[in-house]
Structures are given as structure tokens and as C-alpha cells.
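K.L.:
My structure is in upload21.cif, and what it holds is mmCIF, C-alpha atoms:
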```cif
data_structure
#
loop_
_atom_site.label_atom_id
_atom_site.label_comp_id
_atom_site.auth_asym_id
_atom_site.auth_seq_id
_atom_site.Cartn_x
_atom_site.Cartn_y
_atom_site.Cartn_z
CA MET A 1 29.09 -40.97 71.53
CA LEU A 2 26.06 -42.93 72.68
CA PRO A 3 24.79 -45.80 70.51
CA LEU A 4 21.46 -44.04 70.05
CA GLU A 5 23.20 -40.86 68.90
CA ALA A 6 25.21 -42.85 66.33
CA ASP A 7 22.01 -44.50 65.07
CA ARG A 8 20.31 -41.11 64.82
CA LEU A 9 23.19 -39.68 62.79
CA SER A 10 23.22 -42.75 60.56
CA VAL A 11 19.50 -42.41 59.86
CA LYS A 12 19.91 -38.68 59.16
CA ALA A 13 22.70 -39.47 56.70
CA GLU A 14 20.58 -42.09 54.93
CA LEU A 15 17.66 -39.66 54.76
CA ALA A 16 19.90 -36.97 53.27
CA LYS A 17 21.23 -39.46 50.72
CA ALA A 18 17.70 -40.55 49.73
CA THR A 19 16.60 -36.92 49.43
CA TYR A 20 19.59 -36.18 47.21
CA GLN A 21 18.83 -39.19 45.00
CA LEU A 22 15.19 -38.15 44.67
CA THR A 23 16.19 -34.60 43.73
CA THR A 24 18.64 -35.94 41.14
CA ILE A 25 16.00 -38.19 39.57
CA GLU A 26 13.41 -35.41 39.50
CA ASP A 27 15.99 -33.11 37.86
CA LYS A 28 16.76 -35.70 35.17
CA LEU A 29 13.02 -36.13 34.53
CA ALA A 30 12.55 -32.39 34.15
CA ASP A 31 15.52 -32.21 31.76
CA SER A 32 14.13 -35.08 29.69
CA LYS A 33 10.71 -33.40 29.47
CA GLU A 34 12.37 -30.17 28.31
CA VAL A 35 14.31 -32.04 25.62
CA LEU A 36 11.16 -33.82 24.45
CA ASN A 37 9.23 -30.55 24.31
CA HIS A 38 12.09 -29.00 22.32
CA LEU A 39 12.07 -31.93 19.86
CA LEU A 40 8.28 -31.58 19.49
CA GLY A 41 8.71 -27.87 18.74
CA ARG A 42 6.84 -26.74 21.83
CA SER A 43 7.81 -24.41 24.63
CA VAL A 44 10.21 -26.26 26.93
CA GLN A 45 7.99 -25.36 29.89
CA THR A 46 4.86 -27.04 28.49
CA GLU A 47 3.55 -29.58 30.97
CA PHE A 48 2.55 -33.01 29.74
CA SER A 49 2.19 -36.54 30.96
CA VAL A 50 2.45 -39.94 29.35
CA GLU A 51 0.26 -43.00 29.60
CA PRO A 52 1.64 -46.50 29.98
CA VAL A 53 1.39 -48.86 27.03
CA PRO A 54 -1.03 -51.72 27.69
CA ALA A 55 0.47 -55.19 28.08
CA THR A 56 -1.23 -56.39 24.89
CA LEU A 57 -2.23 -54.22 22.00
CA PRO A 58 -5.62 -54.73 20.32
CA GLU A 59 -3.83 -55.93 17.19
CA GLN A 60 -2.17 -58.73 19.14
CA GLU A 61 -5.46 -60.20 20.30
CA ASN A 62 -6.37 -61.38 16.79
CA LEU A 63 -3.06 -61.93 15.07
CA PRO A 64 -4.38 -63.55 11.86
CA ALA A 65 -6.76 -60.64 11.28
CA ALA A 66 -3.97 -58.15 11.95
CA ARG A 67 -1.73 -59.91 9.42
CA ALA A 68 -4.49 -59.92 6.82
CA THR A 69 -5.12 -56.21 7.34
CA ALA A 70 -1.39 -55.48 7.07
CA LEU A 71 -1.15 -57.43 3.81
CA GLU A 72 -4.18 -55.59 2.40
CA HIS A 73 -2.53 -52.23 3.05
CA ARG A 74 0.87 -53.00 1.52
CA PRO A 75 1.26 -50.74 -1.53
CA GLU A 76 3.32 -53.23 -3.56
CA ILE A 77 0.61 -55.86 -3.23
CA LYS A 78 -2.06 -53.36 -4.32
CA LEU A 79 0.11 -52.37 -7.27
CA ALA A 80 0.58 -56.00 -8.30
CA ALA A 81 -3.17 -56.64 -8.00
CA ASN A 82 -3.87 -53.62 -10.20
CA ARG A 83 -1.42 -54.86 -12.82
CA VAL A 84 -3.12 -58.25 -12.98
#
```
For this file, write the structure as C-alpha cells.
P.N.:
Amino acid sequence: MLPLEADRLSVKAELAKATYQLTTIEDKLADSKEVLNHLLGRSVQTEFSVEPVPATLPEQENLPAARATALEHRPEIKLAANRV
């Protein structure tokens, strides 16, 4: 076999392997979407997409204010304030 023929076959094999891996990943993604739709009580064929979570959440930008808001909304603290 010529060296070029061996290289061609090697590239074809790598391409087939990459295609198989892509198909496997896409199949797993489709399965996961079906499971999520089932858990949400929707038709398993409902299309949806997700959005990435930002690196920092708005609450993280002003941490002291976020902590104060969280403390204000704690029911046990409100209950204690009402008792006083």
C-alpha cells in the first residue's frame, strides 16, 4: 500500500470516529432534554434552550446589601421582631 493511501485511510478512520462521537453526544443531549421535559411535565418533544449563567450575579456585586436583604426576609427574625 502506498504511504498516501495509508494516510488517506487513517484520516477516513479518524473522521468516522469523530462523526460517531458527535452522534453519541447529540444523542445523549436529546435524551437529557427528553428527561428534563418529562420531569417538567411537558411533552418530551417540546423544544427548549438554556441560557448560560453570568459569571457574577447581581446579588454578588453588592454583598453587604444582599446580606441585609436576606436578613430582612428571614421569617424567624420577623417573628422575633413582632414579639418584641
K.L.:
Just how far from atom CA of Ser49 of chain A is atom CA of Asn37 of chain A, in Å to one decimal?
P.N.:
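Going from atom CA of Asn37 of chain A over to atom CA of Ser49 of chain A, I get 11.4 Å.
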K.L.:
Extract, using all atoms listed in the file, all DNA, RNA and protein residues at most 9 Å from Glu34 of chain A, discarding same-chain residues fewer than 5 positions from it, and format them as a VMD selection string.
P.N.:
chain A and resid 29 39 43 to 46
K.L.:
Suppose you want the space between atom CA of Leu36 of chain A and atom CA of Thr19 of chain A; what is it in Å?
P.N.:
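Separating atom CA of Leu36 of chain A from atom CA of Thr19 of chain A is a distance of 25.8 Å.
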K.L.:
What does the distance between atom CA of Val35 of chain A and atom CA of Val50 of chain A come to in Å, to one decimal place?
P.N.:
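Between atom CA of Val35 of chain A and atom CA of Val50 of chain A the gap works out to 14.7 Å.
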